[in-house]
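Below is protein.pdb, which holds PDB, C-alpha atoms.
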```pdb
ATOM      1  CA  MET A  28       0.000   0.000   0.000
ATOM      2  CA  LYS A  29       1.447   3.366  -1.053
ATOM      3  CA  ILE A  30       0.872   5.660   1.892
ATOM      4  CA  TRP A  31       3.949   7.703   2.830
ATOM      5  CA  ASP A  32       4.465  11.334   1.869
ATOM      6  CA  ILE A  33       8.163  10.972   1.061
ATOM      7  CA  GLU A  34       8.639  14.746   0.806
ATOM      8  CA  ASN A  35       7.707  15.303   4.461
ATOM      9  CA  LEU A  36       9.928  13.357   6.849
ATOM     10  CA  TYR A  37       9.383  15.295  10.076
ATOM     11  CA  TYR A  38       7.955  12.282  11.938
ATOM     12  CA  THR A  39      10.210   9.722  10.267
ATOM     13  CA  LEU A  40      12.554   7.852  12.611
ATOM     14  CA  SER A  41      15.648   5.807  11.823
ATOM     15  CA  PRO A  42      14.911   2.420  10.153
ATOM     16  CA  LEU A  43      12.784   0.028  12.182
ATOM     17  CA  LEU A  44      14.740  -2.478  14.265
ATOM     18  CA  ASN A  45      13.187  -5.897  14.876
ATOM     19  CA  PRO A  46      14.932  -6.226  18.276
ATOM     20  CA  ASP A  47      13.166  -3.026  19.393
ATOM     21  CA  VAL A  48       9.799  -4.410  18.294
ATOM     22  CA  LYS A  49      10.346  -7.731  20.089
ATOM     23  CA  ARG A  50      11.619  -6.035  23.246
ATOM     24  CA  ILE A  51       8.565  -3.763  23.438
ATOM     25  CA  GLU A  52       6.185  -6.652  22.791
ATOM     26  CA  GLU A  53       7.846  -8.775  25.485
ATOM     27  CA  GLU A  54       7.876  -6.040  28.103
ATOM     28  CA  LEU A  55       4.313  -4.877  27.462
ATOM     29  CA  LYS A  56       3.043  -8.385  26.724
ATOM     30  CA  ILE A  57       1.358  -7.268  23.507
ATOM     31  CA  LYS A  58       1.627  -7.932  19.782
ATOM     32  CA  PHE A  59       1.827  -5.127  17.252
ATOM     33  CA  PRO A  60      -0.514  -5.521  14.246
ATOM     34  CA  LYS A  61       1.353  -7.130  11.355
ATOM     35  CA  ALA A  62       0.084  -4.475   8.936
ATOM     36  CA  TYR A  63       1.519  -1.746  11.180
ATOM     37  CA  ILE A  64       4.945  -3.390  11.325
ATOM     38  CA  ASP A  65       4.900  -4.077   7.570
ATOM     39  CA  LEU A  66       4.197  -0.387   6.960
ATOM     40  CA  LEU A  67       6.970   0.773   9.298
ATOM     41  CA  THR A  68       9.413  -1.623   7.660
ATOM     42  CA  ILE A  69       9.044   0.439   4.493
ATOM     43  CA  GLN A  70       9.405   3.740   6.370
ATOM     44  CA  ASN A  71       9.533   4.125  10.132
ATOM     45  CA  GLY A  72       6.772   6.667  10.577
ATOM     46  CA  GLY A  73       5.997   9.979   8.951
ATOM     47  CA  SER A  74       3.362  12.074   7.222
ATOM     48  CA  ILE A  75       0.992  10.256   4.883
ATOM     49  CA  ILE A  76      -0.552  11.129   1.527
ATOM     50  CA  TYR A  77      -4.047  10.993   3.051
ATOM     51  CA  ASP A  78      -5.552  13.609   5.366
ATOM     52  CA  SER A  79      -8.742  12.040   6.734
ATOM     53  CA  ILE A  80     -10.394   8.913   8.078
ATOM     54  CA  HIS A  81     -14.066   8.036   7.570
ATOM     55  CA  THR A  82     -16.182   7.795  10.750
ATOM     56  CA  GLU A  83     -19.740   6.730  11.451
ATOM     57  CA  PHE A  84     -20.241   9.310  14.182
ATOM     58  CA  GLU A  85     -20.174  13.086  14.610
ATOM     59  CA  SER A  86     -17.161  14.690  16.264
ATOM     60  CA  THR A  87     -15.883  18.193  16.978
ATOM     61  CA  TRP A  88     -14.390  18.061  13.466
ATOM     62  CA  SER A  89     -17.313  16.921  11.309
ATOM     63  CA  LYS A  90     -20.264  14.560  10.921
ATOM     64  CA  ASN A  91     -18.417  11.820   9.070
ATOM     65  CA  HIS A  92     -14.648  12.075   9.261
ATOM     66  CA  LEU A  93     -11.621  13.034  11.335
ATOM     67  CA  PRO A  94      -8.272  14.495  10.275
ATOM     68  CA  PHE A  95      -5.511  11.887  10.138
ATOM     69  CA  THR A  96      -2.162  13.025   8.746
ATOM     70  CA  ASP A  97       0.690  11.234  10.534
ATOM     71  CA  ILE A  98       1.560   7.675  11.523
ATOM     72  CA  TYR A  99       4.194   7.307  14.224
ATOM     73  CA  GLY A 100       7.217   5.053  13.929
ATOM     74  CA  ILE A 101       8.693   2.728  16.514
ATOM     75  CA  THR A 102      11.899   2.792  18.512
ATOM     76  CA  TYR A 103      12.177   1.328  21.986
ATOM     77  CA  GLU A 104      12.726   4.795  23.466
ATOM     78  CA  SER A 105       9.868   6.493  21.592
ATOM     79  CA  VAL A 106       7.304   3.890  22.615
ATOM     80  CA  MET A 107       8.403   3.405  26.220
ATOM     81  CA  THR A 108       8.928   7.091  26.999
ATOM     82  CA  GLU A 109       6.128   8.671  24.971
ATOM     83  CA  SER A 110       3.646   6.453  23.132
ATOM     84  CA  ILE A 111       2.426   4.696  26.264
ATOM     85  CA  THR A 112       2.602   7.738  28.546
ATOM     86  CA  VAL A 113       0.685  10.398  26.600
ATOM     87  CA  LEU A 114      -2.841   9.152  27.308
ATOM     88  CA  PRO A 115      -2.416   8.526  31.070
ATOM     89  CA  GLU A 116      -1.584  12.225  31.375
ATOM     90  CA  TRP A 117      -5.145  12.852  30.143
ATOM     91  CA  GLY A 118      -6.631  10.326  32.553
ATOM     92  CA  ILE A 119      -6.985   7.438  30.075
ATOM     93  CA  SER A 120      -5.820   4.226  31.685
ATOM     94  CA  GLY A 121      -5.160   0.803  30.201
ATOM     95  CA  LYS A 122      -2.677  -0.648  27.768
ATOM     96  CA  ASN A 123      -2.664   1.825  24.888
ATOM     97  CA  ILE A 124      -0.005   2.831  22.330
ATOM     98  CA  VAL A 125      -0.259   6.122  20.426
ATOM     99  CA  ILE A 126       0.287   5.561  16.681
ATOM    100  CA  GLY A 127      -0.872   8.692  14.899
ATOM    101  CA  SER A 128      -2.370  12.171  14.953
ATOM    102  CA  GLY A 129      -4.302  14.782  13.029
ATOM    103  CA  GLU A 130      -4.304  18.579  13.251
ATOM    104  CA  GLY A 131      -2.600  18.557  16.669
ATOM    105  CA  THR A 132      -5.915  17.932  18.456
ATOM    106  CA  TYR A 133      -6.692  14.318  17.555
ATOM    107  CA  ILE A 134      -4.603  11.416  18.847
ATOM    108  CA  PHE A 135      -5.004   7.868  17.495
ATOM    109  CA  TYR A 136      -3.967   4.831  19.483
ATOM    110  CA  LEU A 137      -3.961   1.040  19.621
ATOM    111  CA  ASN A 138      -6.330  -0.126  22.369
ATOM    112  CA  TYR A 139      -5.379  -3.475  23.884
ATOM    113  CA  LYS A 140      -8.184  -3.567  26.444
ATOM    114  CA  ILE A 141      -9.910  -6.596  24.908
ATOM    115  CA  SER A 142      -6.996  -8.404  23.294
ATOM    116  CA  ASN A 143      -3.205  -8.269  23.637
ATOM    117  CA  GLU A 144      -2.788  -9.401  20.031
ATOM    118  CA  ASN A 145      -5.630  -7.806  18.048
ATOM    119  CA  PRO A 146      -6.006  -4.194  19.193
ATOM    120  CA  SER A 147      -8.717  -1.903  17.918
ATOM    121  CA  VAL A 148      -7.909   1.715  17.002
ATOM    122  CA  TRP A 149      -9.377   4.587  19.000
ATOM    123  CA  TYR A 150      -9.073   8.345  18.852
ATOM    124  CA  PHE A 151      -8.789  10.903  21.642
ATOM    125  CA  ASP A 152      -9.944  14.490  21.134
ATOM    126  CA  THR A 153      -7.894  16.797  23.357
ATOM    127  CA  SER A 154     -10.340  19.674  22.843
ATOM    128  CA  ASN A 155     -13.160  17.977  24.758
ATOM    129  CA  GLU A 156     -11.384  14.869  26.111
ATOM    130  CA  SER A 157     -13.663  12.444  24.272
ATOM    131  CA  THR A 158     -12.488   9.048  23.050
ATOM    132  CA  LYS A 159     -14.106   6.513  20.720
ATOM    133  CA  GLU A 160     -13.282   3.545  18.501
ATOM    134  CA  VAL A 161     -12.618   4.498  14.875
ATOM    135  CA  ALA A 162     -11.521   1.120  13.487
ATOM    136  CA  SER A 163     -11.788  -2.503  14.582
ATOM    137  CA  SER A 164      -8.154  -3.141  13.607
ATOM    138  CA  PHE A 165      -5.141  -1.402  12.084
ATOM    139  CA  GLU A 166      -6.041  -2.939   8.719
ATOM    140  CA  ASP A 167      -9.539  -1.469   9.074
ATOM    141  CA  LEU A 168      -7.960   1.913   9.844
ATOM    142  CA  LEU A 169      -5.938   1.805   6.619
ATOM    143  CA  SER A 170      -9.047   0.977   4.605
ATOM    144  CA  LYS A 171     -10.812   4.088   5.927
ATOM    145  CA  LEU A 172      -8.092   6.607   5.042
ATOM    146  CA  TYR A 173      -8.790   8.994   2.161
ATOM    147  CA  ILE A 174      -8.183  12.549   0.899
ATOM    148  CA  HIS A 175     -11.109  14.752   1.854
ATOM    149  CA  ASP A 176     -12.380  17.305  -0.633
ATOM    150  CA  TYR A 177     -12.631  20.570   1.300
ATOM    151  CA  GLN A 178     -14.385  23.070  -0.900
ATOM    152  CA  GLU A 179     -16.603  26.010   0.003
ATOM    153  CA  GLU A 180     -16.526  25.714   3.763
ATOM    154  CA  ASP A 181     -14.367  23.858   6.237
ATOM    155  CA  LEU A 182     -16.660  21.446   8.072
ATOM    156  CA  HIS A 183     -14.713  22.117  11.221
ATOM    157  CA  ASN A 184     -16.166  25.641  11.267
ATOM    158  CA  ILE A 185     -19.683  24.322  10.690
ATOM    159  CA  PHE A 186     -19.697  22.314  13.878
ATOM    160  CA  TYR A 187     -17.286  24.380  15.896
ATOM    161  CA  LYS A 188     -17.114  28.152  16.472
ATOM    162  CA  ALA A 189     -13.580  29.266  17.208
ATOM    163  CA  PRO A 190     -13.210  31.343  20.387
ATOM    164  CA  SER A 191     -11.926  34.896  20.388
ATOM    165  CA  PHE A 192      -8.418  35.653  21.579
ATOM    166  CA  GLN A 193      -9.894  37.212  24.696
ATOM    167  CA  GLU A 194     -11.487  33.851  25.480
ATOM    168  CA  ILE A 195      -8.224  32.046  24.700
ATOM    169  CA  TYR A 196      -6.250  34.321  27.035
ATOM    170  CA  GLU A 197      -8.833  33.801  29.773
ATOM    171  CA  ARG A 198      -8.461  30.036  29.449
ATOM    172  CA  ILE A 199      -4.677  30.213  29.583
ATOM    173  CA  GLY A 200      -4.938  32.365  32.704
ATOM    174  CA  SER A 201      -7.289  29.876  34.361
ATOM    175  CA  LYS A 202      -6.374  27.922  37.502
ATOM    176  CA  ASP A 203      -7.919  24.849  35.844
ATOM    177  CA  LYS A 204      -5.097  23.022  34.076
ATOM    178  CA  ASN A 205      -7.385  21.472  31.477
ATOM    179  CA  GLU A 206      -8.711  24.934  30.610
ATOM    180  CA  VAL A 207      -5.135  26.094  30.097
ATOM    181  CA  PHE A 208      -4.404  23.125  27.809
ATOM    182  CA  SER A 209      -7.595  23.800  25.866
ATOM    183  CA  GLY A 210      -6.697  27.468  25.487
ATOM    184  CA  TYR A 211      -3.287  26.685  24.058
ATOM    185  CA  LEU A 212      -4.725  24.120  21.634
ATOM    186  CA  GLU A 213      -7.271  26.655  20.424
ATOM    187  CA  TRP A 214      -4.474  29.193  19.976
ATOM    188  CA  ILE A 215      -2.340  26.757  17.981
ATOM    189  CA  GLY A 216      -5.307  26.021  15.739
ATOM    190  CA  THR A 217      -5.792  29.695  14.836
ATOM    191  CA  ASN A 218      -2.344  30.038  13.190
ATOM    192  CA  GLN A 219      -2.315  33.622  14.499
ATOM    193  CA  GLN A 220      -0.108  35.625  16.884
ATOM    194  CA  GLU A 221       2.496  32.907  16.485
ATOM    195  CA  GLU A 222       5.409  34.816  18.015
ATOM    196  CA  LYS A 223       3.437  35.479  21.190
ATOM    197  CA  LEU A 224       2.288  31.839  21.291
ATOM    198  CA  ILE A 225       5.854  30.557  21.008
ATOM    199  CA  ASP A 226       7.098  32.899  23.728
ATOM    200  CA  SER A 227       4.288  31.754  26.015
ATOM    201  CA  LEU A 228       4.986  28.037  25.478
ATOM    202  CA  LEU A 229       8.743  28.573  25.878
ATOM    203  CA  ASN A 230       8.050  30.338  29.168
ATOM    204  CA  GLN A 231       6.024  27.318  30.308
ATOM    205  CA  ILE A 232       8.900  25.000  29.401
ATOM    206  CA  GLU A 233      11.473  27.128  31.176
ATOM    207  CA  THR A 234       9.529  28.030  34.334
ATOM    208  CA  SER A 235       6.599  25.679  34.967
ATOM    209  CA  VAL A 236       6.808  23.576  38.121
ATOM    210  CA  ASP A 237       3.843  21.471  37.033
ATOM    211  CA  HIS A 238       4.948  18.228  35.323
ATOM    212  CA  ASP A 239       1.852  17.957  33.110
ATOM    213  CA  MET A 240       2.255  21.540  31.924
ATOM    214  CA  LEU A 241       5.956  20.987  31.214
ATOM    215  CA  ILE A 242       5.237  17.915  29.080
ATOM    216  CA  PHE A 243       2.273  19.552  27.344
ATOM    217  CA  ALA A 244       4.213  22.689  26.389
ATOM    218  CA  SER A 245       7.228  20.647  25.255
ATOM    219  CA  GLU A 246       5.138  18.322  23.092
ATOM    220  CA  GLU A 247       3.013  21.040  21.507
ATOM    221  CA  LEU A 248       5.939  23.333  20.738
ATOM    222  CA  THR A 249       7.974  20.440  19.325
ATOM    223  CA  ASN A 250       5.058  19.366  17.126
ATOM    224  CA  LEU A 251       4.440  22.938  16.012
ATOM    225  CA  PHE A 252       8.078  23.335  14.999
ATOM    226  CA  LEU A 253       8.322  19.963  13.224
ATOM    227  CA  ASN A 254       4.978  20.261  11.424
ATOM    228  CA  ARG A 255       4.936  23.913  10.437
ATOM    229  CA  GLY A 256       8.299  25.458  11.202
ATOM    230  CA  SER A 257       8.446  29.068  12.321
ATOM    231  CA  GLN A 258      10.428  32.207  11.648
ATOM    232  CA  TYR A 259      10.138  32.954  15.364
ATOM    233  CA  LEU A 260      11.703  29.741  16.637
ATOM    234  CA  SER A 261      14.927  27.937  15.769
ATOM    235  CA  LYS A 262      15.627  24.292  16.500
ATOM    236  CA  GLU A 263      18.666  25.312  18.536
ATOM    237  CA  ARG A 264      16.637  27.629  20.753
ATOM    238  CA  LEU A 265      13.966  25.008  21.439
ATOM    239  CA  ILE A 266      16.517  22.281  22.192
ATOM    240  CA  ALA A 267      18.378  24.646  24.532
ATOM    241  CA  SER A 268      15.162  25.368  26.472
ATOM    242  CA  LEU A 269      14.395  21.655  26.779
ATOM    243  CA  GLU A 270      17.932  20.740  27.809
ATOM    244  CA  LYS A 271      18.014  23.520  30.393
ATOM    245  CA  ARG A 272      15.277  21.754  32.370
ATOM    246  CA  ASN A 273      17.421  18.595  32.578
ATOM    247  CA  HIS A 274      14.274  16.439  32.810
ATOM    248  CA  PRO A 275      14.338  12.792  31.588
ATOM    249  CA  ASP A 276      10.801  13.008  30.190
ATOM    250  CA  LEU A 277      11.917  15.675  27.727
ATOM    251  CA  ALA A 278      14.534  13.455  26.082
ATOM    252  CA  ILE A 279      12.094  12.217  23.432
ATOM    253  CA  TYR A 280      11.420  15.754  22.194
ATOM    254  CA  ILE A 281      15.120  16.583  22.038
ATOM    255  CA  TYR A 282      15.638  13.351  20.087
ATOM    256  CA  MET A 283      12.849  14.163  17.628
ATOM    257  CA  LEU A 284      14.268  17.632  16.994
ATOM    258  CA  ARG A 285      17.788  16.374  16.465
ATOM    259  CA  GLU A 286      16.556  13.660  14.107
ATOM    260  CA  GLN A 287      14.799  16.190  11.911
ATOM    261  CA  SER A 288      16.164  16.219   8.388
ATOM    262  CA  GLU A 289      18.189  19.334   7.692
TER     263      GLU A 289
END
```

Please re-express this file's structure in structure tokens.
Amino acid sequence: MKIWDIENLYYTLSPLLNPDVKRIEEELKIKFPKAYIDLLTIQNGGSIIYDSIHTEFESTWSKNHLPFTDIYGITYESVMTESITVLPEWGISGKNIVIGSGEGTYIFYLNYKISNENPSVWYFDTSNESTKEVASSFEDLLSKLYIHDYQEEDLHNIFYKAPSFQEIYERIGSKDKNEVFSGYLEWIGTNQQEEKLIDSLLNQIETSVDHDMLIFASEELTNLFLNRGSQYLSKERLIASLEKRNHPDLAIYIYMLREQSE
């Protein structure tokens, strides 16, 4: 199956290593879907030529689809330090492995709740913290991918009214951590006031004493840089801010930045 966007390698890791796959499976007592491993053998993660996945339910994005733009690769470090730890930070327990994303707000993951060998695929919406099955298997997920034809109006704006910047600033200034996360995600989605956004997230990385906020700001700013790039932020500056915290949970983001193709 031809799926990789070979001109966009931001999420692409070094070639897949079978010992890493076996070690993860043994330690977590799970089995990766064969179709997933076959795909990563060709290219170990990256952006795909599709941008959407069909759904049979309405979401904050649309009535019948979700954005799906990236499939994550596998290394022992990336899975054990990030892929299995992202969802617990949002209160989702169980044996789950993050495998993809769309538009920065939607996270897709293998759900091993029912079976350690045949996981279904679920999505998590960080904007309203909802989660739901989108495919019965990884193979089913692949069969539902397609390129959506956005024409006169973005369906996202039909079902969702973007907040004003005053509302965004109020959320970021909230004492409720989830409100702060939501405010930042809304801000990222606007593609506006980018310099101020970057300065705010860098300040969170450099000064926050809250672990969840530190990880959130590090992940979002890393993803923003790798996905879109910015004239207001250099790789060196972001790595320096992450390294300055000297926190083991930030190693994955430093690794991703250093692995980025020049």

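With all atoms listed in the file as the atoms that count, the minimum distance from A:Leu114 to the choices A:Phe59, A:Phe165, A:Tyr173, A:Phe243 is reached by A:Phe243.
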
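Using all atoms listed in the file, the shortest contact distance between A:Ser163 and any of A:Glu263, A:Phe208, A:Glu286, A:Pro60 is found at A:Pro60.
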
Leaving out A:Ser170 and any residue of its chain fewer than 4 positions from it, which residues lie within 10 Å of it when counting all atoms listed in the file, given as a PDB file with C-alpha atoms, in the frame of the given file?
```pdb
ATOM      1  CA  ILE A  80     -10.394   8.913   8.078  1.00  0.00           C
ATOM      2  CA  HIS A  81     -14.066   8.036   7.570  1.00  0.00           C
ATOM      3  CA  ALA A 162     -11.521   1.120  13.487  1.00  0.00           C
ATOM      4  CA  SER A 164      -8.154  -3.141  13.607  1.00  0.00           C
ATOM      5  CA  PHE A 165      -5.141  -1.402  12.084  1.00  0.00           C
ATOM      6  CA  GLU A 166      -6.041  -2.939   8.719  1.00  0.00           C
TER       7      GLU A 166
END
```

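Selection result for the displayed file, with the PyMOL selection byres ((chain A and resi 205) around 12) as criterion, is Glu116, Trp117, Gly118, Thr153, Ser154, Asn155, Glu156, Arg198, Ile199, Gly200, Ser201, Lys202, Asp203, Lys204, Glu206, Val207, Phe208, Ser209, Gly210, Tyr211, Leu212, Asp239, Met240 and Phe243 of chain A.
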
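Non-sequential neighbours of A:Gln70 (distance at most 10 Å, separation of 6 or more positions within a chain, only C-alpha atoms) are Ile30, Trp31, Ile33, Leu36, Thr39, Leu40, Ser41, Pro42, Leu43, Ile64 and Gly100 of chain A.
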
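Between A:Leu172 and the candidates A:Leu265, A:Ile76, A:Ile225, A:Ile119, the tightest atom-to-atom separation, counting all atoms listed in the file, involves A:Ile76.
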
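When all atoms listed in the file are used to compute distances to A:Val148, the closest of the residues A:Gly127, A:Thr132, A:His238, A:Trp214 turns out to be A:Gly127.
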
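Atom CA of A:Asp276 is found 18.5 Å from atom CA of A:Leu253.
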
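Selection by the PyMOL selection byres ((chain A and resi 57) around 12) on the present file picks out Val48, Lys49, Arg50, Ile51, Glu52, Glu53, Glu54, Leu55, Lys56, Lys58, Phe59, Pro60, Lys122, Asn123, Ile124, Leu137, Asn138, Tyr139, Lys140, Ile141, Ser142, Asn143, Glu144, Asn145 and Pro146 of chain A.
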
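Each of A:Ile101, A:Ile281, A:Ile242, A:Ile75 was compared to A:Val113 using all atoms listed in the file, and A:Ile242 turns out to be the nearest.
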
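You can rank A:Gly73, A:Ala244, A:Glu270, A:Arg285 by their closest distance to A:Glu34 using only C-alpha atoms, and at the top of that list sits A:Gly73.
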
Selection: 12 Å around A:Glu104, only C-alpha atoms, excl. self and same-chain fewer than 5 positions, as a ChimeraX atom specification: /A:40,44,47-48,50-51,109-112,275-280,282-283

Please build the interface table for stretch 114-185 of chain A against stretch 91-94 of chain A with a cut-off of 9 Å, listing for each qualifying residue the nearest atom pair and the distance in Å to one decimal; count all atoms listed in the file, order rows by chain and increasing number, and write it as a tab-separated table.
```
residue	atom	partner	partner_atom	distance
A:Ser128	CA	A:Pro94	CA	7.9
A:Gly129	CA	A:Pro94	CA	4.8
A:Glu130	CA	A:Pro94	CA	6.4
A:Tyr133	CA	A:Pro94	CA	7.5
A:His175	CA	A:His92	CA	8.6
```

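For the pair atom CA of A:Tyr77 and atom CA of A:Thr96, the interatomic distance is 6.3 Å.
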